[in-house]
Amino acid sequence: MKNLDVTSSMKICSPGRVNLIGEHTDYSFGYVMPMAINLYTYLEGNKDKDVALYSENLRMGGRFKIDDLRRENNWLDYVKGIYYILQSRGYRVGGMHGRIYGNLPIGSGLSSSASLELAILEFLKENYILNLKKMEMAIIAKEAENNYVGMPCGIMDQMAIVLGKKGYALFIDTENLSYEYIPFPKDLKILIFDTGIQRELAHSAYRERKQFISLILKKLGKHNSKSIGENELSKLSARERKMLGYVVRENQRVLKARDALKYGDIEDFGALLLEAHWDLANNYEVSCEELDFFVNKAMQHGALGARLTGAGFGGSAIAIFESIQDAGERIKREYEKRFMHQARYHIVKPAEGVRVCMH
């Protein structure tokens, strides 16, 4: 399968995403502010009767018939999930053969799974003439993740990857799915630091927190976390106050961060990121020693702000700089001297959403 013929093929560019601020708020219908980034999953292939794909990053291939969508509990489930949801919605699509590759790291909290799902969906949309709007694509990919793969994620990742726009972040109200493009300063550098820690706890801890927040909202008679004032937290137990208090404050931070970017106040924006990290670490309890180390080192090396991004418990963190110079390399050296993990870093920019990039 490595040598599949993909001459005259279609190539899809599907970005990753980084969430600037608004962590663990989307599953309680709060505010988030992600952006698509210029690290990509590429899918290059042709139409076919069945599905045959080779992942260069994973160094493995897989095949399945489009009328046999049994789960395999591996990466092919993300592909099968898209077929499953499309078929359940009455869409008739054929197969494909091709290869998947790219520079978007897998399992680093940059949404490689949603990036793959949307690469598959974009390919099917274009090749089988599916009349899908961008928001429909985001919803289909989320349903594939929720209802087929079994990951109870919100819709932030999918919206960012579908709606991404070069030079802009995306402010989203995850309750009504309204969104606004927020200009991101051209001279502001974003450093993404992959700690090299596999996030073994992330999926189970994510589920636990989602369920816990849902129960607290029900107790308060609330549908979303945006409508809760800090004064209402007094009705809760100490742990409930600690957890939901973080979410309430984070929603407010997203609004402040949106306004800071609109008015070009990058120092205030950076301070909000840093405040968010320590609230995540101390109150929502999703950080780890390695992520905290990076945040501290980034600030020592001149960052305006830094925080973990994604579910936490490892994965990636971000820092923003006016002048980055060799900060990434220096932090990497100090990190690897302190921990027995090999780290990677990327300097990224806001990018366009999933699209055909060669035909």
# chains A, B, ... in the order shown; residues from 1 in each chain; ligands from 1
call {"tool": "closest_atom_pairs", "arguments": {"of": "range 24-74 of chain A", "to": "range 148-161 of chain A", "cutoff": "6 Å", "atoms": "only C-alpha atoms", "output": "tab-separated table"}}
result
residue	atom	partner	partner_atom	distance
A:Asp26	CA	A:Gly154	CA	5.6
A:Tyr27	CA	A:Gly154	CA	5.3
A:Met35	CA	A:Ala160	CA	5.5
A:Ala36	CA	A:Ile161	CA	5.4
call {"tool": "write_last_selection", "arguments": {"atoms": "C-alpha atoms", "output": "mmCIF file, in the first residue's frame"}}
result
data_model
loop_
_atom_site.group_PDB
_atom_site.id
_atom_site.type_symbol
_atom_site.label_atom_id
_atom_site.label_comp_id
_atom_site.auth_asym_id
_atom_site.auth_seq_id
_atom_site.Cartn_x
_atom_site.Cartn_y
_atom_site.Cartn_z
ATOM 1 C CA ASP A 26 -17.145 24.080 25.104
ATOM 2 C CA TYR A 27 -18.923 21.100 26.677
ATOM 3 C CA MET A 35 -7.560 29.197 15.354
ATOM 4 C CA ALA A 36 -6.502 26.920 12.523
#
call {"tool": "select_by_dssp", "arguments": {"residues": "range 195-311 of chain A", "states": "alpha helix (DSSP H)", "output": "PyMOL selection string"}}
result
chain A and resi 202-220+238-262+266-279+289-300
call {"tool": "residues_around", "arguments": {"residues": "Val348 in chain A", "least_positions_apart": "6", "cutoff": "12 Å", "atoms": "only C-alpha atoms", "output": "list of chain:residue names"}}
result
A:Pro15, A:Gly16, A:Arg17, A:Val18, A:Met35, A:Ala36, A:Ile37, A:Asn38, A:Leu39, A:Tyr40, A:Asn103, A:Leu104, A:Leu110, A:Lys166, A:Gly167, A:Lys186, A:Asp187, A:Leu188, A:Lys189, A:Ile190, A:Leu191, A:Ile192, A:Phe193, A:Ile318, A:Ala319, A:Ile320, A:Phe321, A:Ile324
call {"tool": "closest_residue", "arguments": {"among": "A:Lys142, A:Asn296, A:Thr309, A:Tyr246", "to": "Arg209 in chain A", "atoms": "only C-alpha atoms"}}
result
A:Tyr246
call {"tool": "residues_around", "arguments": {"residues": "range 256-266 of chain A", "least_positions_apart": "2", "cutoff": "10 Å", "atoms": "only C-alpha atoms", "output": "mmCIF file with N, CA and C atoms, in the first residue's frame"}}
result
data_model
loop_
_atom_site.group_PDB
_atom_site.id
_atom_site.type_symbol
_atom_site.label_atom_id
_atom_site.label_comp_id
_atom_site.auth_asym_id
_atom_site.auth_seq_id
_atom_site.Cartn_x
_atom_site.Cartn_y
_atom_site.Cartn_z
ATOM 1 N N LEU A 20 -6.454 29.224 21.664
ATOM 2 C CA LEU A 20 -5.740 30.318 22.331
ATOM 3 C C LEU A 20 -6.214 30.457 23.777
ATOM 4 N N ILE A 21 -7.520 30.408 23.965
ATOM 5 C CA ILE A 21 -8.081 30.522 25.317
ATOM 6 C C ILE A 21 -9.531 30.028 25.268
ATOM 7 N N GLY A 22 -10.005 29.529 26.412
ATOM 8 C CA GLY A 22 -11.338 28.937 26.469
ATOM 9 C C GLY A 22 -11.207 27.427 26.530
ATOM 10 N N VAL A 32 -15.113 30.005 23.428
ATOM 11 C CA VAL A 32 -13.773 29.520 23.100
ATOM 12 C C VAL A 32 -13.176 30.441 22.035
ATOM 13 N N MET A 33 -11.839 30.406 21.914
ATOM 14 C CA MET A 33 -11.198 31.208 20.865
ATOM 15 C C MET A 33 -10.009 30.438 20.272
ATOM 16 N N ALA A 169 -8.075 34.727 14.447
ATOM 17 C CA ALA A 169 -8.573 33.745 15.400
ATOM 18 C C ALA A 169 -10.087 33.686 15.242
ATOM 19 N N LEU A 170 -10.707 32.706 15.902
ATOM 20 C CA LEU A 170 -12.145 32.496 15.754
ATOM 21 C C LEU A 170 -12.787 32.508 17.140
ATOM 22 N N PHE A 171 -13.586 33.523 17.420
ATOM 23 C CA PHE A 171 -14.338 33.573 18.673
ATOM 24 C C PHE A 171 -15.651 32.841 18.451
ATOM 25 N N GLU A 180 -17.176 34.748 15.267
ATOM 26 C CA GLU A 180 -16.672 36.044 14.812
ATOM 27 C C GLU A 180 -15.180 35.901 14.550
ATOM 28 N N TYR A 181 -14.724 36.455 13.432
ATOM 29 C CA TYR A 181 -13.296 36.447 13.133
ATOM 30 C C TYR A 181 -12.619 37.611 13.855
ATOM 31 N N ILE A 182 -11.568 37.289 14.592
ATOM 32 C CA ILE A 182 -10.846 38.286 15.381
ATOM 33 C C ILE A 182 -9.440 38.431 14.806
ATOM 34 N N PRO A 183 -9.061 39.627 14.339
ATOM 35 C CA PRO A 183 -7.717 39.787 13.760
ATOM 36 C C PRO A 183 -6.631 39.428 14.770
ATOM 37 N N PHE A 184 -5.660 38.643 14.309
ATOM 38 C CA PHE A 184 -4.546 38.274 15.170
ATOM 39 C C PHE A 184 -3.331 39.077 14.728
ATOM 40 N N PRO A 185 -2.652 39.782 15.665
ATOM 41 C CA PRO A 185 -1.544 40.676 15.274
ATOM 42 C C PRO A 185 -0.466 39.955 14.473
ATOM 43 N N LEU A 188 2.902 39.148 16.188
ATOM 44 C CA LEU A 188 2.877 38.325 17.401
ATOM 45 C C LEU A 188 3.202 36.884 17.015
ATOM 46 N N GLU A 250 -13.190 31.377 33.181
ATOM 47 C CA GLU A 250 -12.607 31.198 31.853
ATOM 48 C C GLU A 250 -13.498 31.811 30.771
ATOM 49 N N ASN A 251 -14.794 31.676 30.905
ATOM 50 C CA ASN A 251 -15.700 32.323 29.950
ATOM 51 C C ASN A 251 -15.471 33.828 29.921
ATOM 52 N N GLN A 252 -15.309 34.418 31.085
ATOM 53 C CA GLN A 252 -15.057 35.863 31.159
ATOM 54 C C GLN A 252 -13.702 36.216 30.541
ATOM 55 N N ARG A 253 -12.717 35.351 30.758
ATOM 56 C CA ARG A 253 -11.391 35.603 30.164
ATOM 57 C C ARG A 253 -11.449 35.580 28.639
ATOM 58 N N VAL A 254 -12.249 34.671 28.077
ATOM 59 C CA VAL A 254 -12.342 34.611 26.609
ATOM 60 C C VAL A 254 -12.898 35.928 26.072
ATOM 61 N N ASP A 268 -2.221 42.694 27.691
ATOM 62 C CA ASP A 268 -3.397 42.224 28.413
ATOM 63 C C ASP A 268 -3.767 40.818 27.939
ATOM 64 N N PHE A 269 -3.670 40.576 26.637
ATOM 65 C CA PHE A 269 -3.954 39.261 26.079
ATOM 66 C C PHE A 269 -3.016 38.217 26.687
ATOM 67 N N GLY A 270 -1.734 38.533 26.741
ATOM 68 C CA GLY A 270 -0.758 37.609 27.319
ATOM 69 C C GLY A 270 -1.035 37.328 28.786
ATOM 70 N N ALA A 271 -1.400 38.358 29.537
ATOM 71 C CA ALA A 271 -1.682 38.184 30.971
ATOM 72 C C ALA A 271 -2.884 37.263 31.180
ATOM 73 N N LEU A 272 -3.871 37.351 30.295
ATOM 74 C CA LEU A 272 -5.052 36.492 30.393
ATOM 75 C C LEU A 272 -4.692 35.022 30.145
ATOM 76 N N LEU A 273 -3.782 34.777 29.193
ATOM 77 C CA LEU A 273 -3.340 33.399 28.940
ATOM 78 C C LEU A 273 -2.668 32.815 30.178
ATOM 79 N N LEU A 304 4.940 36.949 26.500
ATOM 80 C CA LEU A 304 3.906 37.826 27.057
ATOM 81 C C LEU A 304 2.889 37.030 27.854
ATOM 82 N N GLY A 305 2.750 35.744 27.504
ATOM 83 C CA GLY A 305 1.818 34.867 28.194
ATOM 84 C C GLY A 305 2.031 33.448 27.724
ATOM 85 N N ILE A 320 3.137 33.170 23.688
ATOM 86 C CA ILE A 320 3.155 34.228 22.666
ATOM 87 C C ILE A 320 4.298 35.192 22.957
ATOM 88 N N PHE A 321 4.949 35.602 21.890
ATOM 89 C CA PHE A 321 6.134 36.458 21.982
ATOM 90 C C PHE A 321 6.015 37.605 20.977
ATOM 91 N N GLU A 322 6.581 38.760 21.353
ATOM 92 C CA GLU A 322 6.793 39.818 20.366
ATOM 93 C C GLU A 322 8.063 39.533 19.575
#
call {"tool": "residues_around", "arguments": {"residues": "Ala52 in chain A", "least_positions_apart": "2", "cutoff": "6 Å", "atoms": "only C-alpha atoms", "output": "PyMOL selection string"}}
result
chain A and resi 62-63+97
call {"tool": "write_last_selection", "arguments": {"atoms": "C-alpha atoms", "output": "PDB file, in the first residue's frame"}}
result
ATOM      1  CA  GLY A  62      -5.763  -0.147   6.292  1.00  0.00           C
ATOM      2  CA  ARG A  63      -8.636  -1.237   4.088  1.00  0.00           C
ATOM      3  CA  HIS A  97      -7.463   5.032  -2.128  1.00  0.00           C
TER       4      HIS A  97
END
call {"tool": "residues_around", "arguments": {"residues": "Asp50 in chain A", "least_positions_apart": "3", "cutoff": "6 Å", "atoms": "only C-alpha atoms", "output": "count of residues only"}}
result
3
call {"tool": "closest_residue", "arguments": {"among": "A:Glu23, A:Ser14, A:Val93, A:Asn146", "to": "Ile129 in chain A", "atoms": "only C-alpha atoms"}}
result
A:Val93
call {"tool": "atom_distance", "arguments": {"atom1": "CA of Leu236 in chain A", "atom2": "CA of Tyr31 in chain A"}}
result
22.4 Å
call {"tool": "atom_distance", "arguments": {"atom1": "CA of Ala303 in chain A", "atom2": "CA of Met243 in chain A"}}
result
27.6 Å
call {"tool": "atom_distance", "arguments": {"atom1": "CA of Val354 in chain A", "atom2": "CA of Glu117 in chain A"}}
result
10.4 Å
call {"tool": "closest_residue", "arguments": {"among": "A:Ala298, A:Leu220, A:Leu76, A:Met10", "to": "Lys332 in chain A", "atoms": "only C-alpha atoms"}}
result
A:Ala298
call {"tool": "select_by_dssp", "arguments": {"residues": "range 236-352 of chain A", "states": "strand (DSSP E or B)", "output": "list in words"}}
result
Gly305, Ala306, Arg307, Leu308, Thr309, Ser316, Ala317, Ile318, Ala319, Ile320, Phe321, Arg344, Tyr345, His346, Ile347, Val348 and Pro350 of chain A
call {"tool": "closest_residue", "arguments": {"among": "A:Gln342, A:Ser214, A:Asn19, A:Asn131", "to": "Ile172 in chain A", "atoms": "only C-alpha atoms"}}
result
A:Asn19
call {"tool": "residues_around", "arguments": {"residues": "Lys235 in chain A", "least_positions_apart": "4", "cutoff": "12 Å", "atoms": "only C-alpha atoms", "output": "JSON, numbers by chain"}}
result
{"A": [216, 217, 219, 220, 221, 228, 229, 230, 231, 239, 240, 241, 244, 245]}
